[in-house]
Each structure stands twice: as C-alpha cells, then as structure tokens.
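Student: Next comes coords-v3.cif, mmCIF, C-alpha atoms:
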data_input
#
loop_
_atom_site.group_PDB
_atom_site.id
_atom_site.type_symbol
_atom_site.label_atom_id
_atom_site.label_comp_id
_atom_site.auth_asym_id
_atom_site.auth_seq_id
_atom_site.Cartn_x
_atom_site.Cartn_y
_atom_site.Cartn_z
ATOM 1 C CA MET A 1 18.633 113.232 124.068
ATOM 2 C CA GLU A 2 19.790 116.823 124.226
ATOM 3 C CA LYS A 3 23.282 115.879 125.408
ATOM 4 C CA ALA A 4 23.512 113.027 122.912
ATOM 5 C CA LEU A 5 22.577 115.378 120.094
ATOM 6 C CA TRP A 6 25.213 117.876 121.117
ATOM 7 C CA TYR A 7 27.913 115.255 121.289
ATOM 8 C CA LEU A 8 26.848 113.490 118.091
ATOM 9 C CA LEU A 9 26.805 116.698 116.059
ATOM 10 C CA THR A 10 29.480 118.955 117.478
ATOM 11 C CA ALA A 11 32.038 116.753 119.222
ATOM 12 C CA THR A 12 32.607 113.878 116.818
ATOM 13 C CA ARG A 13 34.584 113.597 113.612
ATOM 14 C CA GLY A 14 31.499 113.177 111.387
ATOM 15 C CA GLY A 15 29.433 115.756 113.282
ATOM 16 C CA ALA A 16 29.186 118.416 110.583
ATOM 17 C CA ASN A 17 28.039 115.873 107.991
ATOM 18 C CA ARG A 18 25.445 114.470 110.372
ATOM 19 C CA ALA A 19 24.055 117.992 110.831
ATOM 20 C CA ARG A 20 23.871 118.352 107.025
ATOM 21 C CA ILE A 21 22.019 115.032 106.803
ATOM 22 C CA ILE A 22 19.427 116.237 109.318
ATOM 23 C CA ASN A 23 19.020 119.474 107.361
ATOM 24 C CA ALA A 24 18.499 117.504 104.151
ATOM 25 C CA LEU A 25 15.899 115.260 105.804
ATOM 26 C CA THR A 26 14.008 118.291 107.107
ATOM 27 C CA GLU A 27 12.802 119.067 103.576
ATOM 28 C CA ARG A 28 11.462 115.541 103.017
ATOM 29 C CA PRO A 29 12.392 111.922 103.789
ATOM 30 C CA LYS A 30 15.179 110.607 101.570
ATOM 31 C CA ASN A 31 17.054 107.366 101.011
ATOM 32 C CA ALA A 32 20.789 106.896 101.474
ATOM 33 C CA ASN A 33 21.527 107.286 97.755
ATOM 34 C CA GLU A 34 19.744 110.592 97.495
ATOM 35 C CA LEU A 35 21.552 111.826 100.583
ATOM 36 C CA ALA A 36 24.909 110.741 99.193
ATOM 37 C CA ASP A 37 24.253 112.598 95.937
ATOM 38 C CA GLU A 38 22.845 115.716 97.524
ATOM 39 C CA LEU A 39 25.596 116.096 100.113
ATOM 40 C CA ASP A 40 28.383 114.767 97.901
ATOM 41 C CA VAL A 41 29.386 112.231 100.553
ATOM 42 C CA GLY A 42 30.187 108.569 99.884
ATOM 43 C CA TYR A 43 27.330 106.066 100.128
ATOM 44 C CA LYS A 44 29.109 103.997 102.770
ATOM 45 C CA THR A 45 29.775 107.092 104.855
ATOM 46 C CA ILE A 46 26.096 108.018 104.660
ATOM 47 C CA ARG A 47 25.101 104.509 105.759
ATOM 48 C CA HIS A 48 27.469 104.758 108.718
ATOM 49 C CA HIS A 49 26.005 108.116 109.758
ATOM 50 C CA MET A 50 22.441 106.804 109.367
ATOM 51 C CA GLU A 51 23.290 103.904 111.657
ATOM 52 C CA GLN A 52 24.607 106.308 114.278
ATOM 53 C CA LEU A 53 21.611 108.617 113.932
ATOM 54 C CA GLU A 54 19.222 105.637 114.150
ATOM 55 C CA ASP A 55 20.990 104.332 117.261
ATOM 56 C CA HIS A 56 20.389 107.702 118.897
ATOM 57 C CA ASP A 57 16.760 107.818 117.773
ATOM 58 C CA VAL A 58 17.285 110.887 115.605
ATOM 59 C CA VAL A 59 16.105 109.178 112.412
ATOM 60 C CA GLU A 60 14.030 106.093 111.675
ATOM 61 C CA SER A 61 13.788 104.185 108.425
ATOM 62 C CA GLY A 62 10.927 102.631 106.479
ATOM 63 C CA GLU A 63 10.357 98.898 106.134
ATOM 64 C CA GLU A 64 11.619 98.571 102.562
ATOM 65 C CA SER A 65 14.772 96.515 102.103
ATOM 66 C CA TYR A 66 15.725 98.466 98.977
ATOM 67 C CA ALA A 67 16.247 102.233 98.892
ATOM 68 C CA LYS A 68 14.557 102.651 102.250
ATOM 69 C CA LEU A 69 13.613 106.169 103.240
ATOM 70 C CA TYR A 70 14.895 107.830 106.370
ATOM 71 C CA PHE A 71 12.607 110.038 108.454
ATOM 72 C CA LEU A 72 13.355 112.342 111.357
ATOM 73 C CA THR A 73 11.745 110.977 114.520
ATOM 74 C CA ASP A 74 9.076 112.759 116.580
ATOM 75 C CA ARG A 75 11.541 112.628 119.420
ATOM 76 C CA PHE A 76 14.035 114.607 117.365
ATOM 77 C CA ASP A 77 11.360 117.124 116.378
ATOM 78 C CA ALA A 78 10.753 117.791 120.055
ATOM 79 C CA TYR A 79 14.389 118.911 120.229
ATOM 80 C CA ARG A 80 14.329 120.906 117.007
ATOM 81 C CA ASP A 81 15.188 124.104 118.927
ATOM 82 C CA THR A 82 18.321 122.492 120.311
ATOM 83 C CA PHE A 83 19.328 121.507 116.791
ATOM 84 C CA GLU A 84 18.799 125.072 115.557
ATOM 85 C CA ASP A 85 20.960 126.362 118.423
ATOM 86 C CA ILE A 86 23.720 123.937 117.540
ATOM 87 C CA THR A 87 23.762 124.701 113.829
ATOM 88 C CA GLU A 88 23.192 128.439 113.835
ATOM 89 C CA GLN A 89 26.966 128.947 113.554
ATOM 90 C CA ILE A 90 27.253 126.891 110.374
ATOM 91 C CA ASP A 91 27.208 128.461 106.919
ATOM 92 C CA THR A 92 26.693 131.965 108.200
ATOM 93 C CA MET B 1 69.802 106.540 132.528
ATOM 94 C CA ALA B 2 68.576 103.310 134.030
ATOM 95 C CA MET B 3 64.837 103.241 134.156
ATOM 96 C CA GLY B 4 62.929 100.414 135.780
ATOM 97 C CA THR B 5 60.863 98.212 133.464
ATOM 98 C CA LEU B 6 57.610 99.386 135.030
ATOM 99 C CA ILE B 7 58.485 103.028 134.522
ATOM 100 C CA THR B 8 59.529 102.309 130.934
ATOM 101 C CA VAL B 9 56.095 100.766 130.290
ATOM 102 C CA ALA B 10 54.457 103.779 131.953
ATOM 103 C CA ALA B 11 56.452 106.095 129.693
ATOM 104 C CA VAL B 12 55.343 104.111 126.625
ATOM 105 C CA LEU B 13 51.717 104.410 127.772
ATOM 106 C CA ALA B 14 52.133 108.166 128.193
ATOM 107 C CA GLY B 15 53.504 108.255 124.637
ATOM 108 C CA LEU B 16 50.483 106.292 123.367
ATOM 109 C CA ASN B 17 48.167 108.658 125.236
ATOM 110 C CA THR B 18 49.838 111.559 123.451
ATOM 111 C CA LEU B 19 49.387 109.859 120.072
ATOM 112 C CA LEU B 20 45.700 109.238 120.810
ATOM 113 C CA LEU B 21 45.114 112.805 121.973
ATOM 114 C CA LEU B 22 46.498 114.423 118.818
ATOM 115 C CA PRO B 23 43.639 113.331 116.501
ATOM 116 C CA LEU B 24 41.111 114.280 119.198
ATOM 117 C CA VAL B 25 42.588 117.780 119.362
ATOM 118 C CA GLY B 26 42.457 117.905 115.552
ATOM 119 C CA VAL B 27 38.778 116.904 115.412
ATOM 120 C CA TRP B 28 37.797 119.331 118.135
ATOM 121 C CA ILE B 29 39.720 122.255 116.615
ATOM 122 C CA ARG B 30 37.964 121.643 113.315
ATOM 123 C CA ASN B 31 34.566 121.275 114.969
ATOM 124 C CA TYR B 32 35.163 124.340 117.095
ATOM 125 C CA THR B 33 35.726 126.412 113.985
ATOM 126 C CA THR B 34 32.543 124.898 112.483
ATOM 127 C CA PHE B 35 30.211 125.129 115.457
ATOM 128 C CA GLY B 36 31.933 127.478 117.888
ATOM 129 C CA THR B 37 30.024 125.977 120.824
ATOM 130 C CA GLY B 38 31.068 125.916 124.448
ATOM 131 C CA LEU B 39 30.872 122.121 124.533
ATOM 132 C CA VAL B 40 33.533 121.692 121.872
ATOM 133 C CA GLY B 41 35.616 124.468 123.427
ATOM 134 C CA GLY B 42 35.529 122.576 126.722
ATOM 135 C CA LEU B 43 36.507 119.291 125.071
ATOM 136 C CA LEU B 44 39.361 121.038 123.286
ATOM 137 C CA LEU B 45 40.634 122.538 126.523
ATOM 138 C CA PHE B 46 40.342 119.114 128.173
ATOM 139 C CA ALA B 47 42.375 117.412 125.448
ATOM 140 C CA VAL B 48 45.069 120.115 125.411
ATOM 141 C CA ALA B 49 45.413 119.889 129.207
ATOM 142 C CA MET B 50 45.694 116.095 128.982
ATOM 143 C CA LEU B 51 48.304 116.472 126.255
ATOM 144 C CA ALA B 52 50.340 118.793 128.489
ATOM 145 C CA GLU B 53 49.913 116.407 131.426
ATOM 146 C CA ASN B 54 51.299 113.501 129.399
ATOM 147 C CA ALA B 55 54.188 115.585 128.069
ATOM 148 C CA VAL B 56 55.123 116.575 131.614
ATOM 149 C CA ALA B 57 54.807 112.941 132.731
ATOM 150 C CA ILE B 58 57.177 111.766 129.979
ATOM 151 C CA TYR B 59 59.625 114.506 130.942
ATOM 152 C CA PHE B 60 59.497 113.339 134.577
ATOM 153 C CA PHE B 61 59.975 109.691 133.640
ATOM 154 C CA PHE B 62 63.193 110.496 131.804
ATOM 155 C CA SER B 63 64.611 113.278 133.938
ATOM 156 C CA MET B 64 63.709 111.933 137.372
ATOM 157 C CA ALA B 65 63.990 108.193 136.901
ATOM 158 C CA SER B 66 65.937 107.929 140.143
ATOM 159 C CA PHE B 67 62.991 109.481 141.966
ATOM 160 C CA TYR B 68 60.799 106.529 140.950
ATOM 161 C CA SER B 69 63.435 103.794 141.203
ATOM 162 C CA GLY B 70 63.632 103.768 144.994
ATOM 163 C CA ASP B 71 60.336 102.070 145.648
ATOM 164 C CA PRO B 72 58.734 99.401 143.412
ATOM 165 C CA GLY B 73 55.352 100.289 144.939
ATOM 166 C CA VAL B 74 55.606 103.799 143.531
ATOM 167 C CA GLN B 75 56.453 102.430 140.084
ATOM 168 C CA GLN B 76 53.431 100.130 140.200
ATOM 169 C CA ALA B 77 51.127 102.954 141.233
ATOM 170 C CA VAL B 78 52.435 105.185 138.448
ATOM 171 C CA LEU B 79 51.912 102.384 135.940
ATOM 172 C CA VAL B 80 48.337 101.744 137.115
ATOM 173 C CA LEU B 81 47.509 105.464 136.781
ATOM 174 C CA ARG B 82 48.974 105.617 133.267
ATOM 175 C CA GLY B 83 47.099 102.446 132.317
ATOM 176 C CA LEU B 84 43.765 103.807 133.534
ATOM 177 C CA GLN B 85 44.307 107.059 131.693
ATOM 178 C CA PHE B 86 45.096 105.097 128.529
ATOM 179 C CA VAL B 87 41.801 103.176 128.835
ATOM 180 C CA ALA B 88 39.909 106.444 129.399
ATOM 181 C CA ILE B 89 41.435 108.204 126.388
ATOM 182 C CA ALA B 90 41.038 105.138 124.153
ATOM 183 C CA ALA B 91 37.320 104.946 125.000
ATOM 184 C CA LEU B 92 36.863 108.654 124.278
ATOM 185 C CA SER B 93 38.716 108.277 120.976
ATOM 186 C CA TYR B 94 36.480 105.381 119.958
ATOM 187 C CA THR B 95 33.261 107.332 120.507
ATOM 188 C CA THR B 96 34.614 110.521 118.981
ATOM 189 C CA LEU B 97 36.236 109.171 115.828
ATOM 190 C CA ARG B 98 33.446 106.904 114.629
#
So, in terms of structure tokens, how does the structure I just supplied come out?
Tutor:
Amino acid sequence: MEKALWYLLTATRGGANRARIINALTERPKNANELADELDVGYKTIRHHMEQLEDHDVVESGEESYAKLYFLTDRFDAYRDTFEDITEQIDT
Amino acid sequence: MAMGTLITVAAVLAGLNTLLLLPLVGVWIRNYTTFGTGLVGGLLLFAVAMLAENAVAIYFFFSMASFYSGDPGVQQAVLVLRGLQFVAIAALSYTTLR
C-alpha cells in the first residue's frame, strides 16, 4: 500500500487533489458534494478521485445510494505516517 | 532521403512517444514543485531521459537512413523496439493521467 499511496498522490495528474481529499476526510467523513464544495473541485472530478481512492483501499463508502459518506479505511490509518511524510511539503 | 517503410513507421512511433512523454513531463514537473519528493524527481528524470532518447532516435532515422537500409532484419528489430517502447509509455501515461 505504501508504494501505491506514493504513486497515487505524488506521481499522477490528480495527486494533489487526492491528498486534499484525504485531509478533508481526516476531520470527519463527508459525501462527494461536501467534498466538491469544500475543495472547490467539480463533483464529477471528486467522484473520479473517490473511485480511484476506493480501488486502492484508501477510502470506503457507506451503504446509502444517495449522498453516501466516504470514510478513510483502517488500512490507510496504518499508513498515516507515510501520508504525513508525503504531504509535509504542501502548503508550507 | 529514401527511408524504408519500416524505418518510417519506427520514426513515426518515436514521434508519438515524444508526444506522449511531454504531458508526463508536465505532470511530474508540477507535482515535483508541489511535493518535492524523490519519487517524482526520479520519474521526471526518467521521462526527460526517454524524451532525449526518442529525439536522438528520430535524428538517427533521418540522418543515417542508409545505415538502416542495408539489412531488412535491422529495420524490423528497430521497429519492434520502438513499438515496445510505445506500449510501455502508453501504459504509463494511462495510469498517470487518470
């Protein structure tokens, strides 16, 4: 997972936004609309990123079909330090 | 200059490789300024080296066409190598740009 996280966040076109999504979800679980508003990113873009993050087991979503909430996975939490290492350069 | 068909196709593939590498370099420059990590620095170096390699290849195809024209086997081998590199760069582009 460590390598996947590095590639997903730092090497890809949408990497910086995906890191911002993870930061936003650290406060509390949110749905795609809230994320789009908070990060000022299009809803469709958010959905695309959530799909990628779900595929890599970084986030998981609730059962609801409408406005489902996204949570960070336990697996991601185990790699929280790696995430902090990756993002310490941002916004400083 | 009379280039063989196979070498012409190889030159076109090298051109396509160059076109694919440019957005990758762009993404990795931007991400390097954002994250400043060794991983992105390595990817950037990789893409720049590949870009140079393809530029040199195109130069060779045009300036030394006679060097390749002697033996059809050489032309085929060159084409296969270009084709494989195209597949490799296309796959990397797909994972990086989505």
Student: One number please: CA of Ser65 (chain A) to CA of Asn31 (chain A), in Å, one decimal.
Tutor: 11.1 Å
Student: Residues of chain A were defined as contacting chain B if any atom lay at most 10 Å from it, counting only C-alpha atoms; please report them as a ChimeraX atom specification.
Tutor: /A:3,6-16,48-49,52,85-91
Student: Determine the nearest neighbour of Leu81 (chain B) from the options B:Val9, B:Met64, B:Leu45, B:Ala55, counting only C-alpha atoms.
Tutor: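 Of B:Val9, B:Met64, B:Leu45, B:Ala55, the one nearest Leu81 (chain B) is B:Val9, counting only C-alpha atoms.
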Student: Determine the residue set returned by the PyMOL selection byres ((chain A and resi 21-27) around 8) for the present structure, and present it as a PyMOL selection string.
Tutor: chain A and resi 17-20+28-30+35+39+70-72
Student: Can you spit out the residues from that selection as a tab-separated table (two decimals), in the coordinates of the input, using C-alpha atoms?
Tutor:
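Saved file again33.tsv follows:
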chain	number	residue	atom	x	y	z
A	17	ASN	CA	28.04	115.87	107.99
A	18	ARG	CA	25.44	114.47	110.37
A	19	ALA	CA	24.06	117.99	110.83
A	20	ARG	CA	23.87	118.35	107.02
A	28	ARG	CA	11.46	115.54	103.02
A	29	PRO	CA	12.39	111.92	103.79
A	30	LYS	CA	15.18	110.61	101.57
A	35	LEU	CA	21.55	111.83	100.58
A	39	LEU	CA	25.60	116.10	100.11
A	70	TYR	CA	14.90	107.83	106.37
A	71	PHE	CA	12.61	110.04	108.45
A	72	LEU	CA	13.36	112.34	111.36
Student: Quick check, in Å to one decimal: how far apart do CA of Glu53 (chain B) and CA of Leu6 (chain B) lie?
Tutor: 19.0 Å
Student: Taking only C-alpha atoms into account, which of B:Ala90, B:Gln75, B:Phe46, B:Gly83 comes nearest Phe61 (chain B)?
Tutor: B:Gln75
Student: Between A:Asp57, A:Ile46, A:Ala4, A:Glu64, which residue has the minimum interatomic distance to Asp77 (chain A), considering all atoms listed in the file?
Tutor: A:Asp57
Student: Hey, can you check how far CA of Leu22 (chain B) sits from CA of Thr45 (chain A)?
Tutor: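 It comes out at 23.0 Å.
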Student: Step by step: start from the point (59.4, 111.4, 132.9) in the file's coordinates, keep every protein, DNA or RNA residue that has an atom no farther than 10 Å from it, count only C-alpha atoms, and write the set as a list of chain:residue names.
Tutor: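 Those within range, by chain then number, are B:Met3, B:Ile7, B:Thr8, B:Ala10, B:Ala11, B:Ala14, B:Asn54, B:Ala55, B:Val56, B:Ala57, B:Ile58, B:Tyr59, B:Phe60, B:Phe61, B:Phe62, B:Ser63, B:Met64, B:Ala65, B:Phe67, B:Tyr68.
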Student: Compare A:Val59, A:Met50, A:Ala67, A:Ala78 by their minimum atom-to-atom distance to Glu34 (chain A), counting all atoms listed in the file, and give me the closest one.
Tutor: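 Distance minimum relative to Glu34 (chain A) lands on A:Ala67.
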